[in-house]
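S.K.: I have a structure here, written as structure tokens, and I will follow up with some questions on it.
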Amino acid sequence: MTALAASLEAFHFLRPYWLLGLPPVLWLWWRARRSNRPDMRAIARLPAHIAEALTLGAKTTRALTPVDGIALALICAALGAAGPTWSRVPNPFVSQLAPVVIVMEASEEMRETDVAPDRMERAKQKVRDLLRLRAGGRNALITYAGSAHRVVPFTEDPEVITPYLEGLGPEIMPEPGRNATAALALAQAVAEAEEGAAALLFVLSTLDQADAAAFAAVSPQIAFLVVAPEGRSAGALDGMATLTTQRVTPDGSDVAAIDRQLNAAYRAALLQDERQQWDDRGWILAWPAALLLLLSFRRGWVMRWAMIAALAFMVLPAAPARADGLADWFLTPDQQGQIAFNRKDYARAAELFTDPEWQAYSLYKSGQYAEAAEAYARLESSNAAMGEGMAHIKNRAYRDGVRAFEKAVERDPENAAAAENLEISKEIVEYVESTREQSDTGEEQGIGADDVVFDNESARGTETQIDATESGPEILTAEQWMNTVDTRTGDFLRQRFVQENATQQAGGDQ
């Protein structure tokens, strides 16, 4: 379902009783227009030359008059008061991008070179493009061959996924094959644990007929990116027209199309979330109603130009929201802030919002993490503490982030997202501190051969000569570790997948 179709399906009025005012307005308009017409039955009995003289100007009644303008203004007012709506008020703590579980095939067929350089590398490239396109969205990564394995849980940071993505390949999978059904079951379990309607994206070469039945009953929030040349069969996908399927292209149009489709399905799912209020759009009709009323005050004026001006006003793009001037007459600061936020002008939105949650979220989205953390700290909810923690983590204040997540869990022990973020932030702190300890006297601080350094610990004031060529057991700096992360990640994933597969088989034998 497209975004337009979802909006049309969700369209309704919040206060439909105001629509009862339309019939009286239309009846009064009809009576007023009728009273302005001459009595044609009486004129028809007169000679033609007299009838023509008496009906001079009768054709002007076809033009729009002030009565028409007033009627249109009242109709706009009634429709606006009825509260037209087709979308929910965005939740500042819920991303407007669909959470996506990316499921990548890692079978031997993914090493075929009919897509340069090979299918696996092209699939990785497309996933990286998607992660960049979905900046700020939550993504998880799963891979499968003969068995399915979770690689990375949901995260907003693509830099967490990228090293693991590069380590994927058929050589690390414990079993050969292409068990898409097992991958679907695992992806659905990961998606169900995520707050919000998560979508599934399968990046594969083909779908076996044995797996078709499992995919036939899935929700519309699933898409397939087929890594195969045009004309090459995609297996069971060729006969499943109801599923969203996109083949890889040399440019980024395939990834953009997938992103649009997943987000459209996600927004349609958000419309079913009864916890969020409907967004009242009645204020939009206040502009044409006010203009029509103003232009109809001049007695006897035919309103051709008034209608042209009104239509031009509605068609022209709106100017950026301003906190001062004309916008204040019609929009509250929060409404102006919402307009700026929807335009992705987050810095301006933060200046306009008076709602503290939206102001903090706008600061976070604009990259002002320190200010966002301060704004969230002034709020008392668990979600606010979680937002504070995210802002601290983005600002590299990791310990402050841990404390904020602990506060979020303390305020609401049922907040699973806060608990998950707390564990992740603790791991980040542990990794950062261990990296610092390893590199305190290493090359990362610019220390070369035969430099004189001092021990960092107190009461150890001895001078030490360091020879970079005789380092003994190698201690890698952060940069060196990143240079070898692909190999390290692949080895780590291979060992983990073998262990997981053995555990699953042992459980199945019992």
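The way I read the labels, and the way they are meant: chains A, B, ... in the order of the structure tokens, residue 1 as the first residue of every chain, and ligand 1 as the first ligand shown, with later ones counted on from there.
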Would you kindly return, as number ranges by chain, each protein, DNA or RNA residue with an atom no farther than 6 Å from any atom of region 280-284 of chain A, considering only C-alpha atoms and excluding same-chain residues fewer than 6 positions away?
M.R.: A: 80, 83-85
S.K.: Write out, as a short mmCIF file (atom, residue, chain, number, x, y, z; two decimals), in the first residue's frame, the residues just selected, with N, CA and C atoms.
M.R.:
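So the final result, stored in selection15.cif, reads:
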data_model
loop_
_atom_site.label_atom_id
_atom_site.label_comp_id
_atom_site.auth_asym_id
_atom_site.auth_seq_id
_atom_site.Cartn_x
_atom_site.Cartn_y
_atom_site.Cartn_z
N GLY A 80 -13.27 22.53 8.42
CA GLY A 80 -12.16 22.66 9.35
C GLY A 80 -12.56 22.35 10.78
N GLY A 83 -12.67 18.76 11.85
CA GLY A 83 -11.40 18.10 12.18
C GLY A 83 -10.98 17.03 11.22
N PRO A 84 -10.70 17.37 9.95
CA PRO A 84 -10.20 16.34 9.03
C PRO A 84 -8.83 15.84 9.46
N THR A 85 -8.60 14.57 9.34
CA THR A 85 -7.31 13.99 9.73
C THR A 85 -7.06 12.74 8.92
#
S.K.: So that I can check the secondary structure, give me every residue of region 337-372 of chain A assigned helix (DSSP H, G or I) by backbone DSSP, as a PDB file with N, CA and C atoms, in the first residue's frame.
M.R.:
ATOM      1  N   GLY A 337       6.708  24.802  15.097  1.00  0.00           N
ATOM      2  CA  GLY A 337       7.820  23.879  15.297  1.00  0.00           C
ATOM      3  C   GLY A 337       7.604  22.562  14.577  1.00  0.00           C
ATOM      4  N   GLN A 338       6.348  22.071  14.565  1.00  0.00           N
ATOM      5  CA  GLN A 338       6.053  20.821  13.873  1.00  0.00           C
ATOM      6  C   GLN A 338       6.272  20.963  12.374  1.00  0.00           C
ATOM      7  N   ILE A 339       5.900  22.127  11.823  1.00  0.00           N
ATOM      8  CA  ILE A 339       6.128  22.369  10.394  1.00  0.00           C
ATOM      9  C   ILE A 339       7.621  22.343  10.089  1.00  0.00           C
ATOM     10  N   ALA A 340       8.408  23.031  10.905  1.00  0.00           N
ATOM     11  CA  ALA A 340       9.862  23.032  10.698  1.00  0.00           C
ATOM     12  C   ALA A 340      10.442  21.631  10.873  1.00  0.00           C
ATOM     13  N   PHE A 341       9.936  20.872  11.850  1.00  0.00           N
ATOM     14  CA  PHE A 341      10.423  19.508  12.085  1.00  0.00           C
ATOM     15  C   PHE A 341      10.125  18.620  10.887  1.00  0.00           C
ATOM     16  N   ASN A 342       8.916  18.739  10.327  1.00  0.00           N
ATOM     17  CA  ASN A 342       8.553  17.928   9.167  1.00  0.00           C
ATOM     18  C   ASN A 342       9.416  18.258   7.961  1.00  0.00           C
ATOM     19  N   TYR A 346      15.599  20.815  11.921  1.00  0.00           N
ATOM     20  CA  TYR A 346      15.497  20.477  13.329  1.00  0.00           C
ATOM     21  C   TYR A 346      15.996  21.594  14.239  1.00  0.00           C
ATOM     22  N   ALA A 347      17.020  22.315  13.811  1.00  0.00           N
ATOM     23  CA  ALA A 347      17.532  23.407  14.642  1.00  0.00           C
ATOM     24  C   ALA A 347      16.473  24.489  14.806  1.00  0.00           C
ATOM     25  N   ARG A 348      15.785  24.824  13.709  1.00  0.00           N
ATOM     26  CA  ARG A 348      14.720  25.825  13.785  1.00  0.00           C
ATOM     27  C   ARG A 348      13.553  25.297  14.620  1.00  0.00           C
ATOM     28  N   ALA A 349      13.246  24.014  14.482  1.00  0.00           N
ATOM     29  CA  ALA A 349      12.162  23.422  15.266  1.00  0.00           C
ATOM     30  C   ALA A 349      12.457  23.498  16.757  1.00  0.00           C
ATOM     31  N   ALA A 350      13.710  23.273  17.134  1.00  0.00           N
ATOM     32  CA  ALA A 350      14.078  23.353  18.551  1.00  0.00           C
ATOM     33  C   ALA A 350      13.868  24.757  19.099  1.00  0.00           C
ATOM     34  N   GLU A 351      14.076  25.779  18.268  1.00  0.00           N
ATOM     35  CA  GLU A 351      13.851  27.153  18.705  1.00  0.00           C
ATOM     36  C   GLU A 351      12.362  27.461  18.852  1.00  0.00           C
ATOM     37  N   LEU A 352      11.535  26.826  18.029  1.00  0.00           N
ATOM     38  CA  LEU A 352      10.107  27.157  18.001  1.00  0.00           C
ATOM     39  C   LEU A 352       9.301  26.382  19.038  1.00  0.00           C
ATOM     40  N   PRO A 356       8.423  20.613  25.918  1.00  0.00           N
ATOM     41  CA  PRO A 356       9.804  20.243  26.284  1.00  0.00           C
ATOM     42  C   PRO A 356      10.279  18.949  25.637  1.00  0.00           C
ATOM     43  N   GLU A 357       9.378  17.965  25.451  1.00  0.00           N
ATOM     44  CA  GLU A 357       9.800  16.711  24.836  1.00  0.00           C
ATOM     45  C   GLU A 357      10.179  16.918  23.375  1.00  0.00           C
ATOM     46  N   TRP A 358       9.324  17.644  22.641  1.00  0.00           N
ATOM     47  CA  TRP A 358       9.614  17.904  21.235  1.00  0.00           C
ATOM     48  C   TRP A 358      10.846  18.786  21.085  1.00  0.00           C
ATOM     49  N   GLN A 359      11.028  19.722  22.010  1.00  0.00           N
ATOM     50  CA  GLN A 359      12.209  20.584  21.942  1.00  0.00           C
ATOM     51  C   GLN A 359      13.482  19.756  22.136  1.00  0.00           C
ATOM     52  N   ALA A 360      13.455  18.856  23.110  1.00  0.00           N
ATOM     53  CA  ALA A 360      14.623  18.009  23.360  1.00  0.00           C
ATOM     54  C   ALA A 360      14.894  17.090  22.173  1.00  0.00           C
ATOM     55  N   TYR A 361      13.837  16.528  21.612  1.00  0.00           N
ATOM     56  CA  TYR A 361      14.014  15.619  20.476  1.00  0.00           C
ATOM     57  C   TYR A 361      14.548  16.365  19.254  1.00  0.00           C
ATOM     58  N   SER A 362      14.090  17.601  19.047  1.00  0.00           N
ATOM     59  CA  SER A 362      14.588  18.408  17.927  1.00  0.00           C
ATOM     60  C   SER A 362      16.067  18.736  18.112  1.00  0.00           C
ATOM     61  N   LEU A 363      16.461  19.045  19.344  1.00  0.00           N
ATOM     62  CA  LEU A 363      17.881  19.279  19.614  1.00  0.00           C
ATOM     63  C   LEU A 363      18.700  18.026  19.307  1.00  0.00           C
ATOM     64  N   TYR A 364      18.177  16.876  19.684  1.00  0.00           N
ATOM     65  CA  TYR A 364      18.866  15.612  19.423  1.00  0.00           C
ATOM     66  C   TYR A 364      19.005  15.370  17.922  1.00  0.00           C
ATOM     67  N   LYS A 365      17.911  15.577  17.166  1.00  0.00           N
ATOM     68  CA  LYS A 365      17.941  15.345  15.726  1.00  0.00           C
ATOM     69  C   LYS A 365      18.855  16.329  15.014  1.00  0.00           C
ATOM     70  N   TYR A 369      23.800  17.480  20.849  1.00  0.00           N
ATOM     71  CA  TYR A 369      23.599  16.413  21.824  1.00  0.00           C
ATOM     72  C   TYR A 369      23.733  16.893  23.266  1.00  0.00           C
ATOM     73  N   ALA A 370      24.667  17.773  23.545  1.00  0.00           N
ATOM     74  CA  ALA A 370      24.826  18.269  24.913  1.00  0.00           C
ATOM     75  C   ALA A 370      23.581  19.028  25.346  1.00  0.00           C
ATOM     76  N   GLU A 371      23.063  19.892  24.461  1.00  0.00           N
ATOM     77  CA  GLU A 371      21.848  20.644  24.784  1.00  0.00           C
ATOM     78  C   GLU A 371      20.645  19.714  24.907  1.00  0.00           C
ATOM     79  N   ALA A 372      20.590  18.692  24.054  1.00  0.00           N
ATOM     80  CA  ALA A 372      19.485  17.736  24.132  1.00  0.00           C
ATOM     81  C   ALA A 372      19.516  16.980  25.452  1.00  0.00           C
TER      82      ALA A 372
END
S.K.: Just to confirm, what's the straight-line distance from CA of Gly69 (chain A) to CA of Phe13 (chain A) in Å (one decimal)?
M.R.: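 A separation of 23.8 Å between them.
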S.K.: What's around Ala82 (chain A) at 9 Å? Count only C-alpha atoms, leave out sequence neighbours fewer than 4 positions away in its own chain, and write the answer as a list in words.
M.R.: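 With the cut-off at 9 Å, the set is Phe13, Leu14, Arg15, Pro16, Tyr17, Trp18, Leu19, Ala77, Ala78 and Gly282 of chain A.
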S.K.: Find the spatial neighbours of Ala197 (chain A), counting only C-alpha atoms, within a cut-off of 10 Å - ignore same-chain residues fewer than 4 positions away - and output them as a CSV table (one decimal) with N, CA and C atoms, in the first residue's frame.
M.R.:
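And here is the file that came out, result01.csv:
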chain,number,residue,atom,x,y,z
A,98,ALA,N,11.0,3.2,9.4
A,98,ALA,CA,10.6,1.9,9.8
A,98,ALA,C,11.8,1.1,10.4
A,99,PRO,N,11.6,0.5,11.6
A,99,PRO,CA,12.7,-0.5,12.0
A,99,PRO,C,12.7,-1.6,11.0
A,100,VAL,N,13.9,-2.0,10.6
A,100,VAL,CA,14.1,-3.0,9.5
A,100,VAL,C,15.0,-4.1,10.0
A,191,ALA,N,11.8,-9.1,15.0
A,191,ALA,CA,10.9,-8.0,14.8
A,191,ALA,C,9.8,-7.8,15.8
A,192,GLU,N,9.3,-8.9,16.3
A,192,GLU,CA,8.3,-8.9,17.4
A,192,GLU,C,8.8,-8.3,18.7
A,193,ALA,N,10.1,-8.5,18.9
A,193,ALA,CA,10.7,-7.9,20.2
A,193,ALA,C,10.9,-6.4,20.1
A,221,GLN,N,4.6,-6.0,5.3
A,221,GLN,CA,5.9,-5.3,5.7
A,221,GLN,C,7.1,-6.2,5.5
A,265,ALA,N,4.7,1.2,4.2
A,265,ALA,CA,4.0,0.1,5.0
A,265,ALA,C,4.1,0.4,6.5
A,266,TYR,N,5.2,1.0,7.0
A,266,TYR,CA,5.4,1.3,8.4
A,266,TYR,C,4.4,2.4,8.8
A,267,ARG,N,4.3,3.5,8.0
A,267,ARG,CA,3.4,4.5,8.3
A,267,ARG,C,2.0,4.0,8.3
A,268,ALA,N,1.6,3.1,7.4
A,268,ALA,CA,0.3,2.5,7.5
A,268,ALA,C,0.1,1.8,8.7
A,269,ALA,N,1.1,1.1,9.2
A,269,ALA,CA,1.0,0.4,10.5
A,269,ALA,C,0.9,1.3,11.7
A,270,LEU,N,1.6,2.5,11.6
A,270,LEU,CA,1.5,3.4,12.7
A,270,LEU,C,0.1,4.0,12.8
A,273,ASP,N,-2.0,2.4,15.5
A,273,ASP,CA,-1.6,2.5,16.9
A,273,ASP,C,-2.5,3.4,17.6
S.K.: Name all residues at most 8 Å from Pro153 (chain A) (count only C-alpha atoms; drop same-chain ones fewer than 5 positions away) and give them as a list in words.
M.R.: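 Close residues of Pro153 (chain A): Asn139, Ala140, Leu141 and Val190 of chain A.
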S.K.: Mind writing the picked residues with N, CA and C atoms as a CSV table (one decimal), in the first residue's frame?
M.R.:
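Writing the result to selection_25.csv gives the following:
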chain,number,residue,atom,x,y,z
A,139,ASN,N,18.1,-0.7,12.8
A,139,ASN,CA,18.3,-1.8,11.9
A,139,ASN,C,18.8,-3.0,12.7
A,140,ALA,N,18.5,-4.2,12.3
A,140,ALA,CA,19.1,-5.4,12.8
A,140,ALA,C,19.6,-6.2,11.6
A,141,LEU,N,20.5,-7.1,11.8
A,141,LEU,CA,21.1,-7.9,10.8
A,141,LEU,C,21.1,-9.4,11.1
A,190,VAL,N,12.8,-11.5,16.0
A,190,VAL,CA,13.5,-10.3,16.3
A,190,VAL,C,12.6,-9.1,16.1
S.K.: My list of candidates is A:Met386, A:Ala257, A:Leu295, A:Ile222. Which is closest to Ala73 (chain A) when distances are computed with only C-alpha atoms?
M.R.: A:Leu295
S.K.: Find the residue from A:Pro174, A:Pro163, A:Pro250, A:Pro47 that sits nearest to Ala502 (chain A); use only C-alpha atoms when measuring.
M.R.: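 Among the listed residues, A:Pro174 lies closest to Ala502 (chain A).
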S.K.: Residues of region 143-223 of chain A that approach region 112-127 of chain A to 12 Å or less, counting only C-alpha atoms: could you list each one with the shortest pair of atoms and its distance in Å to one decimal, rows by chain and increasing residue number, as JSON lines?
M.R.:
{"residue": "A:Thr143", "atom": "CA", "partner": "A:Met120", "partner_atom": "CA", "distance": 11.7}
{"residue": "A:Pro158", "atom": "CA", "partner": "A:Val127", "partner_atom": "CA", "distance": 10.2}
{"residue": "A:Ile161", "atom": "CA", "partner": "A:Val127", "partner_atom": "CA", "distance": 10.0}
{"residue": "A:Thr162", "atom": "CA", "partner": "A:Lys124", "partner_atom": "CA", "distance": 9.1}
{"residue": "A:Pro163", "atom": "CA", "partner": "A:Lys124", "partner_atom": "CA", "distance": 11.0}
{"residue": "A:Tyr164", "atom": "CA", "partner": "A:Lys124", "partner_atom": "CA", "distance": 10.5}
{"residue": "A:Leu165", "atom": "CA", "partner": "A:Lys124", "partner_atom": "CA", "distance": 6.8}
{"residue": "A:Glu166", "atom": "CA", "partner": "A:Lys124", "partner_atom": "CA", "distance": 7.2}
{"residue": "A:Gly167", "atom": "CA", "partner": "A:Lys124", "partner_atom": "CA", "distance": 10.0}
{"residue": "A:Leu168", "atom": "CA", "partner": "A:Met120", "partner_atom": "CA", "distance": 8.5}
{"residue": "A:Gly169", "atom": "CA", "partner": "A:Met120", "partner_atom": "CA", "distance": 7.1}
{"residue": "A:Pro170", "atom": "CA", "partner": "A:Met120", "partner_atom": "CA", "distance": 8.9}
{"residue": "A:Glu171", "atom": "CA", "partner": "A:Met120", "partner_atom": "CA", "distance": 11.6}
{"residue": "A:Leu201", "atom": "CA", "partner": "A:Val127", "partner_atom": "CA", "distance": 10.0}
{"residue": "A:Phe202", "atom": "CA", "partner": "A:Ala123", "partner_atom": "CA", "distance": 10.4}
{"residue": "A:Val203", "atom": "CA", "partner": "A:Ala123", "partner_atom": "CA", "distance": 6.8}
{"residue": "A:Leu204", "atom": "CA", "partner": "A:Ala123", "partner_atom": "CA", "distance": 8.0}
{"residue": "A:Ser205", "atom": "CA", "partner": "A:Arg119", "partner_atom": "CA", "distance": 7.7}
{"residue": "A:Thr206", "atom": "CA", "partner": "A:Arg119", "partner_atom": "CA", "distance": 11.4}
S.K.: For region 417-430 of chain A, work out the shell of residues within 7 Å, counting only C-alpha atoms and skipping chain neighbours fewer than 3 positions away, then give it as a count of residues only.
M.R.: 11
S.K.: Counting only C-alpha atoms, which of A:Leu133, A:Ala416, A:Leu271, A:Ala375 gets nearest to Val89 (chain A)?
M.R.: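 Ranking A:Leu133, A:Ala416, A:Leu271, A:Ala375 by distance to Val89 (chain A), first place goes to A:Leu271.
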S.K.: DSSP on the backbone, strand (DSSP E or B) only: what residues of region 124-177 of chain A does that give? Format it as a PDB file with N, CA and C atoms, in the first residue's frame.
M.R.:
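Just written: out.pdb:
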ATOM      1  N   ASN A 139      18.051  -0.666  12.769  1.00  0.00           N
ATOM      2  CA  ASN A 139      18.269  -1.800  11.877  1.00  0.00           C
ATOM      3  C   ASN A 139      18.850  -2.962  12.666  1.00  0.00           C
ATOM      4  N   ALA A 140      18.490  -4.167  12.258  1.00  0.00           N
ATOM      5  CA  ALA A 140      19.090  -5.387  12.787  1.00  0.00           C
ATOM      6  C   ALA A 140      19.566  -6.214  11.598  1.00  0.00           C
ATOM      7  N   LEU A 141      20.503  -7.123  11.842  1.00  0.00           N
ATOM      8  CA  LEU A 141      21.095  -7.913  10.755  1.00  0.00           C
ATOM      9  C   LEU A 141      21.054  -9.390  11.101  1.00  0.00           C
ATOM     10  N   ILE A 142      20.563 -10.180  10.147  1.00  0.00           N
ATOM     11  CA  ILE A 142      20.503 -11.640  10.254  1.00  0.00           C
ATOM     12  C   ILE A 142      21.128 -12.210   8.982  1.00  0.00           C
ATOM     13  N   THR A 143      21.778 -13.352   9.095  1.00  0.00           N
ATOM     14  CA  THR A 143      22.299 -14.031   7.915  1.00  0.00           C
ATOM     15  C   THR A 143      21.884 -15.495   7.957  1.00  0.00           C
ATOM     16  N   TYR A 144      21.873 -16.116   6.778  1.00  0.00           N
ATOM     17  CA  TYR A 144      21.457 -17.521   6.737  1.00  0.00           C
ATOM     18  C   TYR A 144      22.095 -18.217   5.536  1.00  0.00           C
ATOM     19  N   ALA A 148      20.160 -20.308  10.215  1.00  0.00           N
ATOM     20  CA  ALA A 148      19.958 -18.859  10.325  1.00  0.00           C
ATOM     21  C   ALA A 148      20.521 -18.372  11.652  1.00  0.00           C
ATOM     22  N   HIS A 149      21.127 -17.173  11.630  1.00  0.00           N
ATOM     23  CA  HIS A 149      21.781 -16.642  12.821  1.00  0.00           C
ATOM     24  C   HIS A 149      21.592 -15.131  12.892  1.00  0.00           C
ATOM     25  N   ARG A 150      21.372 -14.641  14.110  1.00  0.00           N
ATOM     26  CA  ARG A 150      21.310 -13.198  14.325  1.00  0.00           C
ATOM     27  C   ARG A 150      22.732 -12.665  14.425  1.00  0.00           C
ATOM     28  N   VAL A 151      23.024 -11.633  13.637  1.00  0.00           N
ATOM     29  CA  VAL A 151      24.363 -11.051  13.613  1.00  0.00           C
ATOM     30  C   VAL A 151      24.446  -9.851  14.548  1.00  0.00           C
ATOM     31  N   VAL A 152      23.539  -8.882  14.368  1.00  0.00           N
ATOM     32  CA  VAL A 152      23.527  -7.665  15.178  1.00  0.00           C
ATOM     33  C   VAL A 152      22.084  -7.373  15.576  1.00  0.00           C
ATOM     34  N   PRO A 153      21.806  -7.094  16.853  1.00  0.00           N
ATOM     35  CA  PRO A 153      20.446  -6.704  17.248  1.00  0.00           C
ATOM     36  C   PRO A 153      20.137  -5.292  16.764  1.00  0.00           C
ATOM     37  N   PHE A 154      18.953  -4.817  17.064  1.00  0.00           N
ATOM     38  CA  PHE A 154      18.534  -3.496  16.598  1.00  0.00           C
ATOM     39  C   PHE A 154      19.458  -2.410  17.146  1.00  0.00           C
ATOM     40  N   THR A 155      19.859  -1.525  16.261  1.00  0.00           N
ATOM     41  CA  THR A 155      20.692  -0.388  16.635  1.00  0.00           C
ATOM     42  C   THR A 155      20.440   0.755  15.665  1.00  0.00           C
TER      43      THR A 155
END
S.K.: Tell me which of A:Lys394, A:Arg33, A:Arg494, A:Arg88 sits closest to Asp68 (chain A), counting only C-alpha atoms.
M.R.: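 Looking only at the distances to Asp68 (chain A), the closest residue turns out to be A:Arg33.
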S.K.: Which value, in Å to one decimal, gives the distance between CA of Phe497 (chain A) and CA of Pro176 (chain A)?
M.R.: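 Distance between the two atoms: 12.5 Å.
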S.K.: Counting only C-alpha atoms, which of A:Ser382, A:Gln246, A:Gln276, A:Ser7 gets nearest to Trp86 (chain A)?
M.R.: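 Closest to Trp86 (chain A), using only C-alpha atoms: A:Ser7.
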S.K.: So, counting only C-alpha atoms, which residue among A:Val160, A:Ala223, A:Val101, A:Leu285 is closest to Thr489 (chain A)?
M.R.: A:Val160
